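*Asks:* Contents of my_file-v7.txt (compact mmCIF, C-alpha atoms and all ligand atoms) are given next:
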```
# COMPACT_ATOMS: atom_id res chain seq x y z
CA MET G 5 3.14 12.19 47.01
CA SER G 6 6.03 14.38 48.14
CA ASP G 7 7.39 17.32 46.14
CA ILE G 8 9.66 15.95 43.39
CA THR G 9 10.45 19.27 41.73
CA LEU G 10 13.65 19.37 43.79
CA ASN G 11 16.67 19.20 41.48
CA ALA G 12 18.98 17.01 43.57
CA PRO G 13 22.34 17.59 41.81
CA LYS G 14 21.68 21.38 41.94
CA LEU G 15 21.81 21.11 45.73
CA PHE G 16 25.61 20.91 45.55
CA ASP G 17 25.95 23.90 43.21
CA LEU G 18 27.83 26.75 44.93
CA GLY G 19 27.30 29.21 42.06
CA GLY G 20 26.53 32.74 43.26
CA ASN G 21 28.46 32.26 46.50
CA VAL G 22 31.63 33.91 47.76
CA ALA G 23 33.82 31.83 50.07
CA LEU G 24 36.75 32.61 52.36
CA VAL G 25 39.19 29.76 53.01
CA THR G 26 41.95 30.01 55.62
CA GLY G 27 45.02 27.81 55.22
CA ALA G 28 44.35 27.98 51.46
CA GLY G 29 48.02 27.81 50.51
CA SER G 30 48.57 24.18 51.45
CA GLY G 31 47.08 20.76 52.04
CA ILE G 32 43.42 20.41 52.96
CA GLY G 33 42.55 24.13 52.77
CA GLN G 34 44.14 24.44 49.34
CA ARG G 35 42.29 21.47 47.88
CA ILE G 36 38.96 22.50 49.38
CA ALA G 37 39.36 26.06 48.05
CA ILE G 38 39.85 24.69 44.53
CA GLY G 39 36.89 22.32 45.01
CA LEU G 40 34.60 25.19 46.02
CA ALA G 41 35.60 27.06 42.86
CA GLN G 42 34.96 23.92 40.79
CA CYS G 43 31.44 23.95 42.27
CA GLY G 44 30.92 27.57 41.23
CA ALA G 45 32.08 29.79 44.11
CA ASP G 46 34.50 32.71 43.95
CA VAL G 47 37.07 32.29 46.69
CA ALA G 48 39.19 34.56 48.93
CA LEU G 49 42.37 32.63 49.75
CA LEU G 50 44.02 33.36 53.09
CA ASP G 51 47.30 32.02 54.45
CA ARG G 52 49.98 33.44 56.67
CA ARG G 53 52.75 33.50 54.08
CA THR G 54 52.54 35.02 50.63
CA ASP G 55 55.05 32.43 49.44
CA ALA G 56 52.84 29.58 50.69
CA GLY G 57 50.98 27.95 47.80
CA LEU G 58 48.44 30.76 47.42
CA SER G 59 49.41 31.60 43.86
CA ASP G 60 49.16 27.88 42.89
CA THR G 61 45.68 27.76 44.43
CA ALA G 62 44.71 30.95 42.58
CA ARG G 63 45.99 29.55 39.28
CA MET G 64 43.90 26.40 39.63
CA ILE G 65 40.83 28.45 40.53
CA GLU G 66 41.34 30.53 37.41
CA GLN G 67 41.51 27.27 35.42
CA ALA G 68 38.15 26.36 36.98
CA GLY G 69 36.80 29.62 35.56
CA ARG G 70 36.25 31.33 38.90
CA ARG G 71 37.71 34.42 40.57
CA SER G 72 39.97 34.51 43.62
CA ILE G 73 41.99 36.97 45.67
CA GLN G 74 45.06 36.19 47.77
CA ILE G 75 45.36 37.49 51.33
CA ALA G 76 48.41 37.14 53.57
CA ALA G 77 47.13 37.26 57.16
CA ASP G 78 47.65 35.58 60.50
CA VAL G 79 44.51 33.98 61.95
CA THR G 80 45.58 34.95 65.47
CA GLN G 81 45.10 38.63 64.54
CA SER G 82 41.51 39.81 64.80
CA ALA G 83 42.07 43.08 62.89
CA ALA G 84 43.74 41.23 60.01
CA LEU G 85 40.73 38.91 59.71
CA THR G 86 38.28 41.80 59.75
CA GLU G 87 40.30 43.45 57.01
CA ALA G 88 40.42 40.19 55.04
CA VAL G 89 36.62 39.85 55.13
CA GLU G 90 36.22 43.50 54.09
CA ARG G 91 38.58 43.02 51.15
CA CYS G 92 36.86 39.80 50.18
CA GLN G 93 33.46 41.50 50.12
CA MET G 94 34.75 44.55 48.28
CA GLU G 95 36.48 42.56 45.55
CA LEU G 96 34.35 39.41 45.24
CA GLY G 97 30.93 40.23 46.77
CA PRO G 98 28.91 39.35 49.90
CA LEU G 99 30.54 36.55 51.92
CA THR G 100 28.29 33.49 52.31
CA LEU G 101 30.68 30.52 52.76
CA ALA G 102 33.79 29.91 54.86
CA VAL G 103 36.19 27.08 55.54
CA ASN G 104 38.67 27.55 58.37
CA ALA G 105 41.53 25.13 57.76
CA ALA G 106 44.58 27.09 58.95
CA GLY G 107 46.30 25.15 61.70
CA ILE G 108 49.54 23.71 62.98
CA ALA G 109 50.62 20.41 64.54
CA ASN G 110 53.61 19.36 66.59
CA ALA G 111 54.39 17.01 69.43
CA ASN G 112 56.11 16.94 72.82
CA PRO G 113 55.55 14.92 75.98
CA ALA G 114 53.18 16.82 78.32
CA GLU G 115 55.65 16.83 81.20
CA GLU G 116 58.30 18.49 79.02
CA MET G 117 56.15 20.93 77.08
CA GLU G 118 56.91 24.61 77.56
CA GLU G 119 53.94 26.83 78.30
CA SER G 120 54.72 28.78 75.12
CA GLN G 121 54.33 25.66 72.92
CA PHE G 122 50.93 24.95 74.47
CA GLN G 123 49.88 28.59 74.12
CA THR G 124 50.90 28.89 70.45
CA MET G 125 48.87 25.78 69.62
CA MET G 126 45.79 27.23 71.32
CA ASP G 127 46.33 30.64 69.74
CA ILE G 128 46.40 29.29 66.18
CA ASN G 129 44.21 26.17 66.27
CA LEU G 130 41.48 27.32 68.66
CA LYS G 131 41.54 31.12 69.00
CA GLY G 132 42.37 31.40 65.28
CA VAL G 133 39.21 29.48 64.38
CA PHE G 134 37.17 31.56 66.83
CA LEU G 135 38.43 34.86 65.39
CA SER G 136 37.93 33.62 61.83
CA CYS G 137 34.33 32.56 62.55
CA GLN G 138 33.68 35.84 64.34
CA ALA G 139 34.88 37.97 61.42
CA GLU G 140 33.04 35.79 58.88
CA ALA G 141 29.79 35.63 60.86
CA ARG G 142 29.70 39.41 61.39
CA ALA G 143 29.51 39.73 57.60
CA MET G 144 27.19 36.74 57.09
CA LEU G 145 24.72 37.99 59.70
CA LYS G 146 24.45 41.24 57.74
CA ASN G 147 24.20 39.29 54.46
CA GLY G 148 21.32 37.23 55.88
CA ARG G 149 22.85 33.79 55.29
CA GLY G 150 26.04 31.80 55.65
CA SER G 151 27.59 28.40 56.10
CA ILE G 152 30.87 27.81 57.93
CA VAL G 153 32.96 24.63 58.06
CA ASN G 154 35.79 24.42 60.56
CA ILE G 155 38.48 21.79 60.05
CA ALA G 156 38.88 20.02 63.38
CA SER G 157 40.41 16.52 63.58
CA MET G 158 39.64 13.00 64.74
CA SER G 159 42.24 13.97 67.40
CA GLY G 160 39.44 16.04 68.94
CA VAL G 161 37.53 12.78 69.47
CA ILE G 162 40.21 10.12 70.09
CA VAL G 163 43.78 10.19 71.38
CA ASN G 164 46.25 9.24 68.63
CA ARG G 165 48.21 6.24 69.80
CA GLY G 166 51.93 7.05 70.10
CA LEU G 167 51.62 10.79 69.48
CA ASN G 168 52.40 13.10 72.40
CA GLN G 169 50.23 16.02 71.37
CA CYS G 170 47.86 16.80 74.25
CA HIS G 171 47.82 20.47 73.24
CA TYR G 172 46.82 19.66 69.62
CA ASN G 173 44.16 17.17 70.72
CA ALA G 174 42.71 19.67 73.20
CA SER G 175 42.66 22.44 70.57
CA LYS G 176 40.69 20.21 68.19
CA ALA G 177 38.22 19.05 70.85
CA GLY G 178 37.77 22.77 71.50
CA VAL G 179 37.08 23.49 67.83
CA ILE G 180 34.38 20.79 67.71
CA HIS G 181 32.52 21.99 70.78
CA MET G 182 33.03 25.69 70.03
CA SER G 183 31.57 25.13 66.56
CA LYS G 184 28.48 23.41 68.00
CA SER G 185 28.10 26.32 70.41
CA MET G 186 28.34 28.93 67.64
CA ALA G 187 25.93 26.88 65.52
CA MET G 188 23.37 27.25 68.29
CA GLU G 189 24.04 30.98 68.75
CA TRP G 190 23.36 31.64 65.07
CA VAL G 191 20.79 28.91 64.35
CA GLY G 192 17.85 31.31 64.03
CA ARG G 193 19.79 33.85 61.97
CA GLY G 194 20.63 31.98 58.76
CA ILE G 195 24.10 30.72 59.60
CA ARG G 196 25.04 27.04 59.84
CA VAL G 197 28.30 25.93 61.48
CA ASN G 198 29.72 22.41 61.19
CA THR G 199 33.09 20.71 61.54
CA ILE G 200 34.96 18.16 59.48
CA SER G 201 37.26 15.91 61.49
CA PRO G 202 39.77 14.35 59.12
CA GLY G 203 41.70 11.22 59.96
CA TYR G 204 45.32 10.89 58.88
CA THR G 205 45.59 12.80 55.60
CA ALA G 206 48.59 13.06 53.29
CA THR G 207 49.58 16.77 53.46
CA PRO G 208 52.75 18.75 54.19
CA MET G 209 51.70 18.71 57.86
CA ASN G 210 52.51 15.00 57.95
CA THR G 211 55.94 15.39 56.40
CA ARG G 212 57.32 17.23 59.42
CA ALA G 213 60.39 15.52 60.85
CA GLU G 214 58.86 13.65 63.79
CA MET G 215 56.02 12.26 61.63
CA VAL G 216 57.82 10.63 58.73
CA HIS G 217 58.38 7.26 60.43
CA GLN G 218 54.75 7.31 61.56
CA THR G 219 53.19 7.20 58.09
CA LYS G 220 53.24 3.42 57.83
CA LEU G 221 51.72 3.12 61.29
CA PHE G 222 48.98 5.59 60.34
CA GLU G 223 48.09 3.41 57.37
CA GLU G 224 48.06 0.23 59.44
CA GLN G 225 45.95 1.79 62.22
CA THR G 226 43.30 3.08 59.81
CA PRO G 227 40.58 0.51 59.01
CA MET G 228 40.78 1.45 55.31
CA GLN G 229 44.53 0.70 55.55
CA ARG G 230 45.62 4.00 54.00
CA MET G 231 45.77 7.72 54.65
CA ALA G 232 43.20 10.05 53.11
CA SER G 233 44.03 12.12 50.05
CA VAL G 234 43.18 15.82 50.26
CA ASN G 235 40.73 15.19 47.42
CA GLU G 236 38.64 13.18 49.86
CA MET G 237 37.98 16.27 52.01
CA VAL G 238 36.33 18.16 49.13
CA GLY G 239 33.03 16.25 48.96
CA PRO G 240 32.34 16.52 52.70
CA ALA G 241 33.13 20.27 52.64
CA VAL G 242 30.95 20.95 49.59
CA PHE G 243 28.13 18.93 51.16
CA LEU G 244 28.22 20.78 54.47
CA LEU G 245 28.51 24.21 52.84
CA SER G 246 25.82 23.64 50.23
CA ASP G 247 22.03 23.54 50.24
CA ALA G 248 22.33 19.74 50.33
CA ALA G 249 23.01 20.24 54.05
CA SER G 250 20.34 22.90 54.64
CA PHE G 251 19.06 21.09 57.78
CA VAL G 252 22.55 20.21 59.07
CA THR G 253 24.14 22.37 61.73
CA GLY G 254 26.26 21.70 64.81
CA VAL G 255 27.51 18.42 63.35
CA ASP G 256 31.03 16.98 63.45
CA LEU G 257 31.57 14.92 60.30
CA LEU G 258 34.34 12.36 60.83
CA VAL G 259 36.17 11.68 57.55
CA ASP G 260 38.61 9.13 58.90
CA GLY G 261 38.48 5.89 56.89
CA GLY G 262 36.68 4.25 59.82
CA PHE G 263 39.38 5.11 62.39
CA CYS G 264 37.01 6.08 65.20
CA CYS G 265 35.03 2.83 64.89
CA TRP G 266 37.90 0.82 66.35
P1 LIG L 1 49.13 22.24 56.06
O1 LIG L 1 49.37 21.62 54.73
O2 LIG L 1 50.29 22.59 56.92
O3 LIG L 1 48.21 23.54 55.83
C1 LIG L 1 47.90 24.42 56.86
C2 LIG L 1 48.10 25.84 56.35
O4 LIG L 1 47.69 26.76 57.41
C3 LIG L 1 49.58 26.15 56.05
O5 LIG L 1 49.73 26.86 54.85
C4 LIG L 1 49.97 26.99 57.24
O6 LIG L 1 51.06 27.85 57.03
C5 LIG L 1 48.69 27.76 57.50
N1 LIG L 1 48.72 28.41 58.82
C6 LIG L 1 49.28 27.94 59.96
N2 LIG L 1 49.17 28.85 60.92
C7 LIG L 1 48.56 29.93 60.38
C8 LIG L 1 48.19 31.19 60.89
N3 LIG L 1 48.47 31.54 62.16
N4 LIG L 1 47.55 32.06 60.08
C9 LIG L 1 47.29 31.73 58.79
N5 LIG L 1 47.63 30.55 58.25
C10 LIG L 1 48.27 29.65 59.04
O7 LIG L 1 48.21 21.31 56.95
P2 LIG L 1 46.94 20.40 56.61
O8 LIG L 1 47.31 19.02 56.91
O9 LIG L 1 46.35 20.76 55.31
O10 LIG L 1 45.99 20.90 57.78
C11 LIG L 1 44.83 21.71 57.56
C12 LIG L 1 43.91 21.55 58.77
O11 LIG L 1 43.50 20.18 58.84
C13 LIG L 1 44.60 21.86 60.09
O12 LIG L 1 43.70 22.55 60.92
C14 LIG L 1 44.91 20.48 60.65
O13 LIG L 1 45.00 20.48 62.05
C15 LIG L 1 43.73 19.69 60.15
N6 LIG L 1 43.96 18.24 60.10
C16 LIG L 1 44.97 17.71 59.35
C17 LIG L 1 45.15 16.32 59.34
C18 LIG L 1 46.24 15.66 58.55
O14 LIG L 1 46.44 14.45 58.74
N7 LIG L 1 46.93 16.37 57.66
C19 LIG L 1 44.30 15.50 60.09
C20 LIG L 1 43.29 16.09 60.83
C21 LIG L 1 43.12 17.45 60.83
P3 LIG L 1 52.56 27.33 57.50
O15 LIG L 1 52.96 26.29 56.48
O16 LIG L 1 53.36 28.58 57.45
O17 LIG L 1 52.40 26.77 58.88
```
What is this file in structure tokens?
*Replies:*
Amino acid sequence: MSDITLNAPKLFDLGGNVALVTGAGSGIGQRIAIGLAQCGADVALLDRRTDAGLSDTARMIEQAGRRSIQIAADVTQSAALTEAVERCQMELGPLTLAVNAAGIANANPAEEMEESQFQTMMDINLKGVFLSCQAEARAMLKNGRGSIVNIASMSGVIVNRGLNQCHYNASKAGVIHMSKSMAMEWVGRGIRVNTISPGYTATPMNTRAEMVHQTKLFEEQTPMQRMASVNEMVGPAVFLLSDAASFVTGVDLLVDGGFCCW
């Protein structure tokens, strides 16, 4: 008979861990940061603006009985990320978990897109994830263990019908493959790297001007006939970060209400 001493619910317990979450002031990053605290982690909250929702996130983490710190930093700046990790470790303890959710979205037909619009997308959505992982992994490699989840998108797998966002789609495809590559670089050294690829999710990102009329279409196009709530990103993130996923690395977990099946 196999070993049944394993305490299955304990596998999802993040107690004793310190997490860094980028994009923690809004949307998916904010909800995941609170979810990690609810599962026992202390959390460093990073976003580019101090007036983003960071203090709301911190308040909810306090209500969950965990500690947090707020860091205003731009994920395109390597030095700022190094400093953020240092502060996180000094004030909360050794970094062992990270979720990189900071990102932007916009649209423009490819033939009209300025080079600068393409470049900014790559700088934040792809280079920003690279620099975040680099800063986090440098600490985790020293700490002997770590688990990183990067928030990609189903747009890294499919092309969203009716949305002219080749730069966004390319950045997310890049995040998925870059994450697999980093997972393999660190596979023997205690660090797992996975991605979550959300489908259409109700966040401030989707309330930008050119998206509002699209919401109904998003719901219709999704097999589950609705958009995801940010709450629905918490379980997948906790799973991938936790010991429940101890043999899972280099995976892209689609959380898309079935979108990519059709
Ligand atoms: P959101 O509510 O706009 O949250 C993203 C956060 O990241 C914002 O607070 C944003 O600040 C911050 N950010 C942007 N650029 C940054 C930078 N350079 N440095 C630090 N922080 C920065 O968006 P969301 O919908 O939660 O998106 C989170 C992630 O999920 C993104 O990577 C997005 O691509 C991905 N995603 C979203 C959906 C969806 O349907 N919502 C679907 C698939 C994937 P500002 O407000 O100042 O920009």
*Asks:* Scan for residues within 12 Å of the point (53.6, 4.8, 60.8) in the coordinates of the file, using all atoms listed in the file, and reply as a PDB file with C-alpha atoms, in the frame of the given file.
*Replies:*
```
ATOM      1  CA  ASN G 164      46.250   9.240  68.630  1.00  0.00           C
ATOM      2  CA  ARG G 165      48.210   6.240  69.800  1.00  0.00           C
ATOM      3  CA  GLY G 166      51.930   7.050  70.100  1.00  0.00           C
ATOM      4  CA  LEU G 167      51.620  10.790  69.480  1.00  0.00           C
ATOM      5  CA  TYR G 204      45.320  10.890  58.880  1.00  0.00           C
ATOM      6  CA  ASN G 210      52.510  15.000  57.950  1.00  0.00           C
ATOM      7  CA  THR G 211      55.940  15.390  56.400  1.00  0.00           C
ATOM      8  CA  GLU G 214      58.860  13.650  63.790  1.00  0.00           C
ATOM      9  CA  MET G 215      56.020  12.260  61.630  1.00  0.00           C
ATOM     10  CA  VAL G 216      57.820  10.630  58.730  1.00  0.00           C
ATOM     11  CA  HIS G 217      58.380   7.260  60.430  1.00  0.00           C
ATOM     12  CA  GLN G 218      54.750   7.310  61.560  1.00  0.00           C
ATOM     13  CA  THR G 219      53.190   7.200  58.090  1.00  0.00           C
ATOM     14  CA  LYS G 220      53.240   3.420  57.830  1.00  0.00           C
ATOM     15  CA  LEU G 221      51.720   3.120  61.290  1.00  0.00           C
ATOM     16  CA  PHE G 222      48.980   5.590  60.340  1.00  0.00           C
ATOM     17  CA  GLU G 223      48.090   3.410  57.370  1.00  0.00           C
ATOM     18  CA  GLU G 224      48.060   0.230  59.440  1.00  0.00           C
ATOM     19  CA  GLN G 225      45.950   1.790  62.220  1.00  0.00           C
ATOM     20  CA  THR G 226      43.300   3.080  59.810  1.00  0.00           C
ATOM     21  CA  GLN G 229      44.530   0.700  55.550  1.00  0.00           C
ATOM     22  CA  ARG G 230      45.620   4.000  54.000  1.00  0.00           C
ATOM     23  CA  MET G 231      45.770   7.720  54.650  1.00  0.00           C
TER      24      MET G 231
END
```
*Asks:* Given all atoms listed in the file as the basis, pick out the residue of G:Arg53, G:Arg71, G:Arg63, G:Lys184 nearest to ligand LIG 1 (chain L).
*Replies:*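 That would be G:Arg53, the residue with the smallest distance to ligand LIG 1 (chain L).
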*Asks:* Which centre and which edge lengths, in Å to one decimal, describe the axis-aligned box that holds all listed atoms of segment 133-146 of chain G after 4 Å is added on each side, as lines of an AutoDock Vina configuration file?
*Replies:*
```
center_x = 31.8
center_y = 35.4
center_z = 62.0
size_x = 22.8
size_y = 19.8
size_z = 17.7
```
*Asks:* Just want the residues within 8 Å of ligand LIG 1 (chain L), written as a ChimeraX atom specification, counting all atoms listed in the file.
*Replies:* /G:26-34,50-53,56-57,76-80,104-109,127-129,132,155-159,172,176,201-210,231-232,234
*Asks:* What is the distance, in Å and to one decimal place, between atom CA of Ala177 of chain G and atom CA of Leu49 of chain G?
*Replies:*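 One can read the atom CA of Ala177 of chain G to atom CA of Leu49 of chain G distance as 25.4 Å.
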*Asks:* Just how far from atom CA of Arg193 of chain G is atom CA of Phe134 of chain G, in Å to one decimal?
*Replies:*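 Rounded to one decimal, the two atoms are 18.2 Å apart.
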*Asks:* What is the atom CA of Ala241 of chain G-atom CA of Ser136 of chain G distance in Å, reported with one decimal?
*Replies:*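 Pair atom CA of Ala241 of chain G / atom CA of Ser136 of chain G returns 16.9 Å.
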*Asks:* Could you give me, as JSON, numbers by chain, the residues within 12 Å of segment 11-13 of chain G, counting only C-alpha atoms and dropping anything in the same chain fewer than 5 positions from it?
*Replies:* {"G": [18, 43, 243, 246, 247, 248, 249]}
*Asks:* Can you spit out the residues from that selection as an mmCIF file, in the coordinates of the input, using C-alpha atoms?
*Replies:*
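Listed below is the output, again-v9.cif:
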```cif
data_model
loop_
_atom_site.group_PDB
_atom_site.id
_atom_site.type_symbol
_atom_site.label_atom_id
_atom_site.label_comp_id
_atom_site.auth_asym_id
_atom_site.auth_seq_id
_atom_site.Cartn_x
_atom_site.Cartn_y
_atom_site.Cartn_z
ATOM 1 C CA LEU G 18 27.830 26.750 44.930
ATOM 2 C CA CYS G 43 31.440 23.950 42.270
ATOM 3 C CA PHE G 243 28.130 18.930 51.160
ATOM 4 C CA SER G 246 25.820 23.640 50.230
ATOM 5 C CA ASP G 247 22.030 23.540 50.240
ATOM 6 C CA ALA G 248 22.330 19.740 50.330
ATOM 7 C CA ALA G 249 23.010 20.240 54.050
#
```
*Asks:* When you look at segment 110-114 of chain G with a cut-off of 7 Å (counting only C-alpha atoms), what residues show up, excluding the ones that are within fewer than 6 positions of it in the same chain? I need them as a JSON list (two decimals) with C-alpha atoms, keeping the file's coordinate frame.
*Replies:*
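Written out: around28.json:
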```json
[["chain", "number", "residue", "atom", "x", "y", "z"],
["G", 167, "LEU", "CA", 51.62, 10.79, 69.48],
["G", 168, "ASN", "CA", 52.40, 13.10, 72.40],
["G", 169, "GLN", "CA", 50.23, 16.02, 71.37],
["G", 170, "CYS", "CA", 47.86, 16.80, 74.25]]
```
*Asks:* Nearest to Asn147 of chain G: which of G:Cys92, G:Met125, G:Ile38, G:Thr100 is it, counting only C-alpha atoms?
*Replies:*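 Among G:Cys92, G:Met125, G:Ile38, G:Thr100, it is G:Thr100 that comes nearest to Asn147 of chain G.
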*Asks:* Quick one: of G:Ile180, G:Met186, G:Val242, G:Ala102, who's nearest to Gly44 of chain G, counting all atoms listed in the file?
*Replies:*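 Of the candidates, the smallest distance to Gly44 of chain G is held by G:Val242.
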*Asks:* Counting only C-alpha atoms, what is within 8 Å of Ala139 of chain G, bar same-chain residues fewer than 5 positions away, as a count of residues only?
*Replies:* 4
*Asks:* If we count all atoms listed in the file, what is near Gln42 of chain G at a cut-off of 8 Å, once residues fewer than 6 positions away on the same chain are taken out, given as a PyMOL selection string?
*Replies:* chain G and resi 65+68-70
*Asks:* Which one of G:Ser183, G:Asn21, G:Ser175, G:Gln121 sits closest to Gln138 of chain G if you count only C-alpha atoms?
*Replies:*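 Looking at the shortest contact to Gln138 of chain G, the residue is G:Ser183.
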*Asks:* Find, counting only C-alpha atoms, the residue in G:Met228, G:Gly19, G:Thr199, G:Pro240 that gets nearest to Gly254 of chain G.
*Replies:*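 Answer, going by the shortest atom-to-atom distance: G:Thr199.
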